[in-house]
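Enquirer: Before we start, here is the structure in question, set down as C-alpha cells.
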Amino acid sequence: MTELPALGTTYQHRLVTELGRQALVQYAGASGDFNPLHTDEQYATAVAGYPTVFAHGMLTMGLMGTLLARLFGDGALLTFTGRFATQVWPGDSLDGRVTVIGHEQGADGPLASLELLVVRQDGTTVYTGTARTRVSCALPSTTIDGGT
Amino acid sequence: MKPTTRFPIEAGHVLLFARAVLDDRADYYGPTAALLPVAPPTFTQALMHFQSDFEMRPRAGQLAPGIDAIGSRGTVFHAEQRFHYHRHARAGETLSATSLPGRTWIKPGRRGGNLTFSEVVTEFRDEAGDLVITSTSVRVETERVVSDD
C-alpha cells in the first residue's frame with residue numbers, strides 16, 4: 001500500500017530558469033492563445049502600455065501541472081485550481097512548491113490535498129493554487145531535484 | 001441550443017503542448033513514449049485552436065489580432081482557473097466542449113480602477129456524453145493598464 005506523505009511535507013522544484021520569449025511563443029502556438037500581449041513586443045509596449053510582453057498565466061499553471069505529473073504521475077489529479085497574482089516576465093526564474101495539507105483514504109486508494117505556490121527569483125508569489133490527487137506512486141521523501 | 005465545439009485530442013498536439021509546459025518526461029518522447037498519452041492537466045486550454053470564432057488567432061488580411069478585442073483603455077486578464085477531472089483525457093479520443101457564462105462581479109482594484117470579474121464554465125464530454133473535465137475560467141477586466149514594475 002502506498003504510504004501517504006506526512007502533512008506539511010513540501011516538494012520544491014525549479015520550474016524554469018530565466019524564462020525565454022521562445023517559451024512564450026511555444027506556449028502560444030501549442031495552446032492557441034495568440035493574445036499579442038504575450039508575443040508581440042510592439043503591441044505590449046506601444047499599444048497596451050506594458051514594459052514588455054509577459055507570460056500567459058496558463059503557462060505558469062501548466063508548469064505547475066508538469067510538476068504535479070512528475071510527483072504523482074499522469075492522470076492522478078481530481079481537481080486543480082490556480083490564481084494568478086501578478087505577471088511573469090521574460091527572464092524570470094520560477095520555483096514551484098507543493099505542500100501536503102490533507103490526506104484521506106478514498107474508495108480507490110489514498111488521496112492527498114495540496115497547497116500550490118509559484119514564486120519568482122525575488123520571492124514574489126506569482127501563482128497560488130490547490131489540488132486533490134490520487135497517490136499511487138512512491139513519492140520522494142523530501143524535496144525533488146532543483147529545489148533551493 | 002448551446003454551441004458545442006468538437007475537440008479532437010491528437011497525440012502530436014499533446015506532445016507539442018507537453019513541450020510548451022516544459023514536460024520532458026519519457027511519457028511523451030523517444031522510444032518508450034506512450035502511443036496515446038494522457039493529456040497534460042491543462043491541455044483543455046488548447047480548445048482555442050478549435051473555436052472558429054476565437055478572436056486572437058492571426059487571420060489573413062488582419063494586421064495584429066486582438067487589438068480591437070483588447071483596446072488600450074484596459075486589459076482583460078486570466079485571473080483564476082479551476083479544473084475538475086471526472087477522468088483524464090487521452091490522445092485518440094474526441095471530446096465535445098460546451099461553454100456557458102457563470103457568475104459576474106465587480107471589485108474596486110488597488111492599481112487599475114474597478115475590476116470586473118466574469119466566469120466561463122466549459123464542460124468537456126466524451127463520445128458517450130459522459131462528463132470528462134469541467135473547466136472554470138475567471139477573467140478580469142481592468143479599467144487601466146496595471147503592472148507591478
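The chains in the C-alpha cells are called A, B, ... from first to last as shown; in each chain the residues are counted from 1, and the ligands are counted from 1 in the order shown.
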Using only C-alpha atoms, which residues sit within 6 Å of segment 90-107 of chain B once same-chain residues fewer than 2 positions away are excluded, as JSON, numbers by chain?

Expert: {"B": [4, 5, 6, 7, 8, 9, 10, 11, 36, 37, 38, 39, 114, 115, 116, 117, 118, 119, 120, 121, 122, 123, 124, 125, 126]}

Enquirer: Selected residues, C-alpha atoms, written as an mmCIF file, in the first residue's frame, please.

Expert:
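That gives us out_9.cif:
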data_model
loop_
_atom_site.group_PDB
_atom_site.id
_atom_site.type_symbol
_atom_site.label_atom_id
_atom_site.label_comp_id
_atom_site.auth_asym_id
_atom_site.auth_seq_id
_atom_site.Cartn_x
_atom_site.Cartn_y
_atom_site.Cartn_z
ATOM 1 C CA THR B 4 -20.682 22.804 -28.947
ATOM 2 C CA THR B 5 -17.092 22.654 -30.200
ATOM 3 C CA ARG B 6 -15.563 19.383 -31.350
ATOM 4 C CA PHE B 7 -12.179 18.921 -29.663
ATOM 5 C CA PRO B 8 -10.078 16.053 -31.018
ATOM 6 C CA ILE B 9 -7.249 15.022 -28.649
ATOM 7 C CA GLU B 10 -4.386 14.213 -31.017
ATOM 8 C CA ALA B 11 -1.066 12.631 -29.982
ATOM 9 C CA LEU B 36 -1.775 7.514 -26.910
ATOM 10 C CA PRO B 37 -0.512 9.615 -23.982
ATOM 11 C CA VAL B 38 -2.687 11.079 -21.238
ATOM 12 C CA ALA B 39 -3.196 14.771 -21.972
ATOM 13 C CA ASN B 114 -12.618 48.860 -10.905
ATOM 14 C CA LEU B 115 -12.114 45.189 -11.703
ATOM 15 C CA THR B 116 -14.901 43.272 -13.445
ATOM 16 C CA PHE B 117 -14.680 39.500 -12.942
ATOM 17 C CA SER B 118 -16.588 37.019 -15.085
ATOM 18 C CA GLU B 119 -16.654 33.236 -15.137
ATOM 19 C CA VAL B 120 -16.938 30.898 -18.116
ATOM 20 C CA VAL B 121 -17.719 27.255 -17.351
ATOM 21 C CA THR B 122 -16.763 24.754 -20.060
ATOM 22 C CA GLU B 123 -17.869 21.122 -19.930
ATOM 23 C CA PHE B 124 -15.865 18.549 -21.890
ATOM 24 C CA ARG B 125 -17.803 15.357 -22.638
ATOM 25 C CA ASP B 126 -16.731 12.145 -24.347
#

Enquirer: Hey, what's within 7 Å of His38 of chain A if we count only C-alpha atoms and toss same-chain stuff fewer than 6 positions away? As number ranges by chain, please?

Expert: A: 24, 53-56

Enquirer: Please return, as a PyMOL selection string, all residues of chain B lying within 6 Å of chain A when only C-alpha atoms are considered.

Expert: chain B and resi 16-17+20-21+23+41-42+46+48-49+56-57+72+79-85+88

Enquirer: I'd like to know which residues of chain A are helix (DSSP H, G or I) (by DSSP, run on the backbone); could you write them as a PyMOL selection string?

Expert: chain A and resi 21-31+41-47+57-72

Enquirer: Using only C-alpha atoms, determine which residues lie at most 10 Å from segment 102-105 of chain A, disregarding the query and same-chain residues fewer than 4 positions distant; provide the list as a list in words.

Expert: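 Using only C-alpha atoms, the neighbours found are Leu4, Pro5, Ala6, Leu7, Gly8, Gly109, Pro110, Leu111, Ala112, Ser113, Leu114, Glu115, Arg132, Thr133, Arg134 and Val135 of chain A.
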
Enquirer: Atom CA of Trp89 of chain A and atom CA of Leu19 of chain A, how far apart in Å?

Expert: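 Going from atom CA of Leu19 of chain A over to atom CA of Trp89 of chain A, I get 7.6 Å.
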
Enquirer: From the list A:Arg120, A:Glu41, A:Gly73, A:Gly106, which residue is nearest Glu18 of chain A when using only C-alpha atoms?

Expert: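 Using only C-alpha atoms, the shortest distance to Glu18 of chain A belongs to A:Arg120.
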
Enquirer: What's the separation between atom CA of Gly61 of chain B and atom CA of Gln42 of chain A, in Å to one decimal place?

Expert: 19.0 Å

Enquirer: Can you pull out every residue within 8 Å of Gly96 of chain A, counting only C-alpha atoms, but drop anything in the same chain fewer than 4 positions away, and send it as a list in words?

Expert: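 Close residues of Gly96 of chain A: Gln12, His13, Arg14, Leu15, Met64, Leu67, Leu116, Leu117, Val118 and Val119 of chain A.
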
Enquirer: Would you save the residues of that selection, restricted to N, CA and C atoms, as a JSON list (two decimals), in the first residue's frame?

Expert:
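Below is the file result.json, written as the result:
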[["chain", "number", "residue", "atom", "x", "y", "z"],
["A", 12, "GLN", "N", 9.74, 21.00, -3.52],
["A", 12, "GLN", "CA", 10.09, 22.22, -4.25],
["A", 12, "GLN", "C", 10.91, 21.86, -5.46],
["A", 13, "HIS", "N", 10.60, 22.54, -6.56],
["A", 13, "HIS", "CA", 11.30, 22.22, -7.81],
["A", 13, "HIS", "C", 11.41, 23.48, -8.66],
["A", 14, "ARG", "N", 12.56, 23.65, -9.30],
["A", 14, "ARG", "CA", 12.73, 24.75, -10.26],
["A", 14, "ARG", "C", 11.87, 24.46, -11.49],
["A", 15, "LEU", "N", 10.92, 25.35, -11.79],
["A", 15, "LEU", "CA", 10.04, 25.15, -12.94],
["A", 15, "LEU", "C", 10.68, 25.66, -14.22],
["A", 64, "MET", "N", 3.19, 24.21, -13.31],
["A", 64, "MET", "CA", 2.81, 23.55, -12.06],
["A", 64, "MET", "C", 2.18, 22.19, -12.37],
["A", 67, "LEU", "N", 4.91, 19.76, -12.85],
["A", 67, "LEU", "CA", 5.49, 19.33, -11.57],
["A", 67, "LEU", "C", 4.58, 18.30, -10.88],
["A", 116, "LEU", "N", -0.54, 24.85, -3.45],
["A", 116, "LEU", "CA", 0.42, 25.07, -4.53],
["A", 116, "LEU", "C", 0.86, 26.53, -4.55],
["A", 117, "LEU", "N", 2.13, 26.73, -4.86],
["A", 117, "LEU", "CA", 2.69, 28.08, -4.87],
["A", 117, "LEU", "C", 3.75, 28.14, -5.97],
["A", 118, "VAL", "N", 3.77, 29.24, -6.70],
["A", 118, "VAL", "CA", 4.90, 29.50, -7.60],
["A", 118, "VAL", "C", 5.48, 30.86, -7.23],
["A", 119, "VAL", "N", 6.78, 30.87, -6.96],
["A", 119, "VAL", "CA", 7.46, 32.12, -6.59],
["A", 119, "VAL", "C", 8.57, 32.40, -7.60]]

Enquirer: List as a PDB file with N, CA, C and O atoms, in the first residue's frame the protein and nucleic acid residues near Tyr29 of chain B, meaning an atom at most 12 Å away when only C-alpha atoms are counted, but skip any in the same chain fewer than 3 places from it.

Expert:
ATOM      1  N   ALA B  11      -2.341  12.928 -30.647  1.00  0.00           N
ATOM      2  CA  ALA B  11      -1.066  12.631 -29.982  1.00  0.00           C
ATOM      3  C   ALA B  11      -0.014  13.698 -30.276  1.00  0.00           C
ATOM      4  O   ALA B  11       0.727  14.111 -29.378  1.00  0.00           O
ATOM      5  N   GLY B  12       0.073  14.153 -31.546  1.00  0.00           N
ATOM      6  CA  GLY B  12       1.064  15.179 -31.880  1.00  0.00           C
ATOM      7  C   GLY B  12       0.811  16.479 -31.139  1.00  0.00           C
ATOM      8  O   GLY B  12       1.738  17.148 -30.666  1.00  0.00           O
ATOM      9  N   VAL B  14      -0.770  16.765 -28.271  1.00  0.00           N
ATOM     10  CA  VAL B  14      -0.445  16.519 -26.855  1.00  0.00           C
ATOM     11  C   VAL B  14       1.063  16.663 -26.630  1.00  0.00           C
ATOM     12  O   VAL B  14       1.517  17.277 -25.665  1.00  0.00           O
ATOM     13  N   LEU B  15       1.866  16.137 -27.556  1.00  0.00           N
ATOM     14  CA  LEU B  15       3.325  16.255 -27.436  1.00  0.00           C
ATOM     15  C   LEU B  15       3.748  17.728 -27.485  1.00  0.00           C
ATOM     16  O   LEU B  15       4.560  18.178 -26.658  1.00  0.00           O
ATOM     17  N   LEU B  16       3.179  18.498 -28.437  1.00  0.00           N
ATOM     18  CA  LEU B  16       3.545  19.919 -28.543  1.00  0.00           C
ATOM     19  C   LEU B  16       3.159  20.667 -27.275  1.00  0.00           C
ATOM     20  O   LEU B  16       3.902  21.523 -26.791  1.00  0.00           O
ATOM     21  N   ALA B  18       2.798  19.338 -24.244  1.00  0.00           N
ATOM     22  CA  ALA B  18       3.688  18.893 -23.160  1.00  0.00           C
ATOM     23  C   ALA B  18       5.022  19.637 -23.242  1.00  0.00           C
ATOM     24  O   ALA B  18       5.567  20.087 -22.228  1.00  0.00           O
ATOM     25  N   ARG B  19       5.553  19.806 -24.455  1.00  0.00           N
ATOM     26  CA  ARG B  19       6.785  20.585 -24.620  1.00  0.00           C
ATOM     27  C   ARG B  19       6.584  22.010 -24.143  1.00  0.00           C
ATOM     28  O   ARG B  19       7.460  22.598 -23.510  1.00  0.00           O
ATOM     29  N   ASP B  23       7.462  19.836 -20.119  1.00  0.00           N
ATOM     30  CA  ASP B  23       7.424  18.466 -19.597  1.00  0.00           C
ATOM     31  C   ASP B  23       8.309  17.607 -20.502  1.00  0.00           C
ATOM     32  O   ASP B  23       7.953  17.346 -21.648  1.00  0.00           O
ATOM     33  N   ASP B  24       9.472  17.192 -19.988  1.00  0.00           N
ATOM     34  CA  ASP B  24      10.413  16.434 -20.814  1.00  0.00           C
ATOM     35  C   ASP B  24      10.453  14.960 -20.405  1.00  0.00           C
ATOM     36  O   ASP B  24      11.415  14.258 -20.679  1.00  0.00           O
ATOM     37  N   ARG B  25       9.390  14.493 -19.748  1.00  0.00           N
ATOM     38  CA  ARG B  25       9.396  13.095 -19.308  1.00  0.00           C
ATOM     39  C   ARG B  25       9.260  12.134 -20.487  1.00  0.00           C
ATOM     40  O   ARG B  25       8.719  12.480 -21.537  1.00  0.00           O
ATOM     41  N   ALA B  26       9.721  10.916 -20.282  1.00  0.00           N
ATOM     42  CA  ALA B  26       9.758   9.918 -21.352  1.00  0.00           C
ATOM     43  C   ALA B  26       8.367   9.514 -21.830  1.00  0.00           C
ATOM     44  O   ALA B  26       8.234   8.916 -22.889  1.00  0.00           O
ATOM     45  N   THR B  32      10.230   5.007 -25.668  1.00  0.00           N
ATOM     46  CA  THR B  32       9.312   4.474 -24.666  1.00  0.00           C
ATOM     47  C   THR B  32       8.056   5.339 -24.524  1.00  0.00           C
ATOM     48  O   THR B  32       7.246   5.113 -23.636  1.00  0.00           O
ATOM     49  N   ALA B  33       7.895   6.332 -25.404  1.00  0.00           N
ATOM     50  CA  ALA B  33       6.733   7.223 -25.299  1.00  0.00           C
ATOM     51  C   ALA B  33       5.436   6.442 -25.526  1.00  0.00           C
ATOM     52  O   ALA B  33       5.386   5.515 -26.329  1.00  0.00           O
ATOM     53  N   ALA B  34       4.401   6.855 -24.800  1.00  0.00           N
ATOM     54  CA  ALA B  34       3.085   6.236 -24.980  1.00  0.00           C
ATOM     55  C   ALA B  34       2.540   6.621 -26.349  1.00  0.00           C
ATOM     56  O   ALA B  34       2.670   7.768 -26.782  1.00  0.00           O
ATOM     57  N   LEU B  35       1.951   5.657 -27.062  1.00  0.00           N
ATOM     58  CA  LEU B  35       1.360   5.977 -28.364  1.00  0.00           C
ATOM     59  C   LEU B  35       0.171   6.913 -28.194  1.00  0.00           C
ATOM     60  O   LEU B  35      -0.051   7.800 -29.011  1.00  0.00           O
ATOM     61  N   LEU B  36      -0.601   6.692 -27.164  1.00  0.00           N
ATOM     62  CA  LEU B  36      -1.775   7.514 -26.910  1.00  0.00           C
ATOM     63  C   LEU B  36      -1.654   8.089 -25.492  1.00  0.00           C
ATOM     64  O   LEU B  36      -2.285   7.611 -24.557  1.00  0.00           O
ATOM     65  N   PRO B  37      -0.797   9.119 -25.331  1.00  0.00           N
ATOM     66  CA  PRO B  37      -0.512   9.615 -23.982  1.00  0.00           C
ATOM     67  C   PRO B  37      -1.720  10.298 -23.337  1.00  0.00           C
ATOM     68  O   PRO B  37      -2.623  10.780 -24.020  1.00  0.00           O
TER      69      PRO B  37
END
